[in-house]
Amino acid sequence: MAKATLIYNPAAGRFPAGPLLERAKRVLSQGGWDVGVVATHSKNELERAAQEAVSRGDNAVFVAGGDGSVGTVASVLAGSQTALGVLPAGTANVWAQEQGLPKLDWVHWFALESAASRLSRGTIRYADVGECNGRRFLLWAGVGLDGAIVNKIEPRQRWEKTLATVHYATLVLWNSIGWDGVDLKVKAPGVDVEGRFLVAVASNIRAYAGGLVELAPEARIDDGKLDFWLLGGQSAKDVVIRLLQVWRGTHVSAPGVVHFQAAEATFYSQEPLPMQLDGEPYKTGSPVRFRVHARALRVLVPADSAGLFSSA
């Protein structure tokens with residue numbers, strides 16, 4: 001029987017997942033998994049629980065949480081033989097969305113059981129892991145308006161997450177007033193770009209902004225590269241234009257938008273750089289160095305999640 005640890009934070013997400021986890025655990029057990037449940041209340045506890053699972057030689061760690069928790073655990077599991085699985089109980093759950101797993105919300109009360117069922121019959125694949133100034137991330141690292149907003153609003157109380165999409169969209173529009181972008185010089189193999197950008201993102205997956213839009217349609221999580229998107233602009237009007245372009249998918253050929261794929265890149269700036277990594281606040285100084293650890297993470301995903309990967 002495969003061994004696993006199921007980690008959750010009782011205070012995370014829009015809804016308390018604790019009462020629903022026993023049923024999800026039962027589904028995993030029926031699928032051949034011997035699962036131990038660990039409640040954590042901080043990032044340090046989350047990291048420690050994941051490290052202990054690796055030390056025990058667990059086959060997998062299931063995270064009942066959102067993208068921040070998933071990214072934290074992924075950074076611990078990278079390079080080990082322990083695979084990452086997700087039961088989508090967080091606010092946005094973009095990683096789960098990319099796998100076609102419904103998130104726990106008002107209309108999907110059995111989402112955790114559904115995810116547990118599909119993962120118990122899933123497959124192990126390999127995923128790249130990004131690194132930003134020594135800190136690892138699974139999904140994205142963003143500089144600019146999104147980084148400023150995440151640093152301003154996180155951490156949030158549960159009641160603030162109930163209408164998370166509406167809340168976030170409102171904050172984007174509100175904080176765009178007076179936002180004039182950030183001056184960046186960006187260097188990568190074959191790339192040397194300088195300009196003022198509203199947002200600069202290193203993405204490991206296609207979806208962005210809580211899964212509302214597809215920012216990086218060519219991104220694959222096992223291709224050994226990060227997709228870099230630099231959205232030029234310096235006003236609230238430019239923010240609205242870029243949002244509409246990304247929503248419609250026309251940003252891929254829009255003037256003032258820079259896109260490239262690379263295994264490493266460096267951002268230089270004279271300004272402070274509030275960032276978001278997997279939707280969590282992060283602050284760092286210039287230069288910001290990105291690199292990718294190719295296929296460093298074992299991930300347990302549904303068997304029909306092939307669209308995430310470049311390999312069959």
# chains A, B, ... in the order shown; residues from 1 in each chain; ligands from 1
>>> residues_around(residues="Ala89 in chain A", least_positions_apart="3", cutoff="6 Å", atoms="only C-alpha atoms", output="ChimeraX atom specification")
/A:13,64-66,104
>>> residues_around(residues="range 268-273 of chain A", least_positions_apart="4", cutoff="9 Å", atoms="only C-alpha atoms", output="PyMOL selection string")
chain A and resi 143-144+147-148+182-187+282-289
>>> closest_residue(among="A:Ala111, A:Leu230, A:Ala207, A:Ala78", to="Val193 in chain A", atoms="only C-alpha atoms")
A:Leu230
>>> residues_around(residues="Asp146 in chain A", least_positions_apart="4", cutoff="9 Å", atoms="only C-alpha atoms", output="list of chain:residue names")
A:Gly142, A:Val150, A:Asn151, A:Val172, A:Leu198, A:Val199, A:Ala209, A:Pro274, A:Met275, A:Gln276, A:Gly279
>>> write_last_selection(atoms="N, CA and C atoms", output="compact mmCIF listing (two decimals), in the first residue's frame")
# COMPACT_ATOMS: atom_id res chain seq x y z
N GLY A 142 5.78 37.10 -10.07
CA GLY A 142 5.37 38.31 -10.76
C GLY A 142 5.90 39.57 -10.12
N VAL A 150 -0.73 41.88 -4.18
CA VAL A 150 -0.62 40.73 -3.28
C VAL A 150 0.06 41.14 -1.99
N ASN A 151 1.10 41.97 -2.06
CA ASN A 151 1.77 42.42 -0.85
C ASN A 151 0.87 43.30 0.02
N VAL A 172 -7.54 45.29 -8.25
CA VAL A 172 -6.72 45.59 -9.43
C VAL A 172 -7.08 46.95 -10.00
N LEU A 198 3.94 47.40 -16.77
CA LEU A 198 2.92 47.29 -15.73
C LEU A 198 3.11 46.03 -14.92
N VAL A 199 3.42 44.95 -15.62
CA VAL A 199 3.59 43.63 -15.01
C VAL A 199 4.70 42.90 -15.75
N ALA A 209 -3.83 35.13 -12.91
CA ALA A 209 -4.87 35.96 -12.26
C ALA A 209 -5.98 35.10 -11.69
N PRO A 274 8.33 44.78 -5.00
CA PRO A 274 7.38 43.85 -4.37
C PRO A 274 6.95 42.82 -5.41
N MET A 275 6.89 41.56 -5.00
CA MET A 275 6.58 40.49 -5.93
C MET A 275 5.53 39.56 -5.35
N GLN A 276 5.02 38.69 -6.20
CA GLN A 276 4.23 37.57 -5.72
C GLN A 276 4.83 36.29 -6.28
N GLY A 279 1.27 33.44 -5.77
CA GLY A 279 0.19 34.17 -5.13
C GLY A 279 0.47 34.61 -3.71
>>> closest_residue(among="A:Ile221, A:Leu46, A:Val252, A:Ala83", to="Asp58 in chain A", atoms="only C-alpha atoms")
A:Ala83
>>> closest_residue(among="A:Asn9, A:Thr82, A:Gln245, A:Asn204", to="Glu52 in chain A", atoms="only C-alpha atoms")
A:Thr82
>>> select_by_dssp(residues="range 54-117 of chain A", states="alpha helix (DSSP H)", output="list in words")
Val54, Ser55, Arg56, Asp67, Gly68, Ser69, Val70, Gly71, Thr72, Val73, Ala74, Ser75, Val76, Leu77, Val94, Trp95, Ala96, Gln97, Glu98, Ala111, Leu112, Glu113, Ser114, Ala115, Ala116 and Ser117 of chain A
>>> closest_atom_pairs(of="range 67-119 of chain A", to="range 123-130 of chain A", cutoff="10 Å", atoms="only C-alpha atoms", output="tab-separated table")
residue	atom	partner	partner_atom	distance
A:Gly71	CA	A:Val129	CA	9.3
A:Ala74	CA	A:Val129	CA	8.0
A:Ser75	CA	A:Val129	CA	7.6
A:Ala78	CA	A:Val129	CA	7.4
A:Gly79	CA	A:Val129	CA	9.7
A:Ala83	CA	A:Ile124	CA	7.3
A:Leu84	CA	A:Ile124	CA	9.0
A:Gly85	CA	A:Ile124	CA	9.5
A:Arg118	CA	A:Thr123	CA	9.6
A:Leu119	CA	A:Thr123	CA	7.6
>>> write_last_selection(atoms="C-alpha atoms", output="PDB file, in the first residue's frame")
ATOM      1  CA  GLY A  71       3.962  26.143  -3.907  1.00  0.00           C
ATOM      2  CA  ALA A  74       6.480  21.861  -3.937  1.00  0.00           C
ATOM      3  CA  SER A  75       9.634  23.751  -2.916  1.00  0.00           C
ATOM      4  CA  ALA A  78      11.581  19.192  -5.317  1.00  0.00           C
ATOM      5  CA  GLY A  79      14.473  16.796  -5.843  1.00  0.00           C
ATOM      6  CA  ALA A  83       5.167  13.263  -5.266  1.00  0.00           C
ATOM      7  CA  LEU A  84       2.870  16.258  -4.859  1.00  0.00           C
ATOM      8  CA  GLY A  85      -0.913  15.894  -5.059  1.00  0.00           C
ATOM      9  CA  ARG A 118      -9.127  10.966  -9.614  1.00  0.00           C
ATOM     10  CA  LEU A 119      -5.698  11.226  -7.997  1.00  0.00           C
TER      11      LEU A 119
END
>>> closest_residue(among="A:Leu139, A:Ala39, A:Ala306, A:Ile149", to="Trp95 in chain A", atoms="only C-alpha atoms")
A:Leu139
>>> atom_distance(atom1="CA of Ala2 in chain A", atom2="CA of Trp33 in chain A")
4.9 Å
>>> atom_distance(atom1="CA of Glu218 in chain A", atom2="CA of Ser120 in chain A")
28.7 Å
>>> closest_residue(among="A:Val257, A:Leu138, A:Ala92, A:Ala303", to="Ala115 in chain A", atoms="only C-alpha atoms")
A:Ala303
>>> residues_around(residues="Ser203 in chain A", least_positions_apart="6", cutoff="10 Å", atoms="only C-alpha atoms", output="list in words")
Gly130, Phe137, Leu138, Leu139, Trp140, Ala141, Gly142, Leu215, Ala216, Ala219, Arg220, Ile221, Lys225, Leu226, Asp227, Phe228, Trp229, Gln261 and Asp278 of chain A
>>> atom_distance(atom1="CA of Ala236 in chain A", atom2="CA of Asp180 in chain A")
7.4 Å
>>> residues_around(residues="Asn59 in chain A", least_positions_apart="2", cutoff="10 Å", atoms="only C-alpha atoms", output="PyMOL selection string")
chain A and resi 1-5+33-34+53-54+56-57+61+80-84+298+300
>>> closest_residue(among="A:Gly32, A:Pro10, A:Pro102, A:Gly249", to="Val213 in chain A", atoms="only C-alpha atoms")
A:Gly249
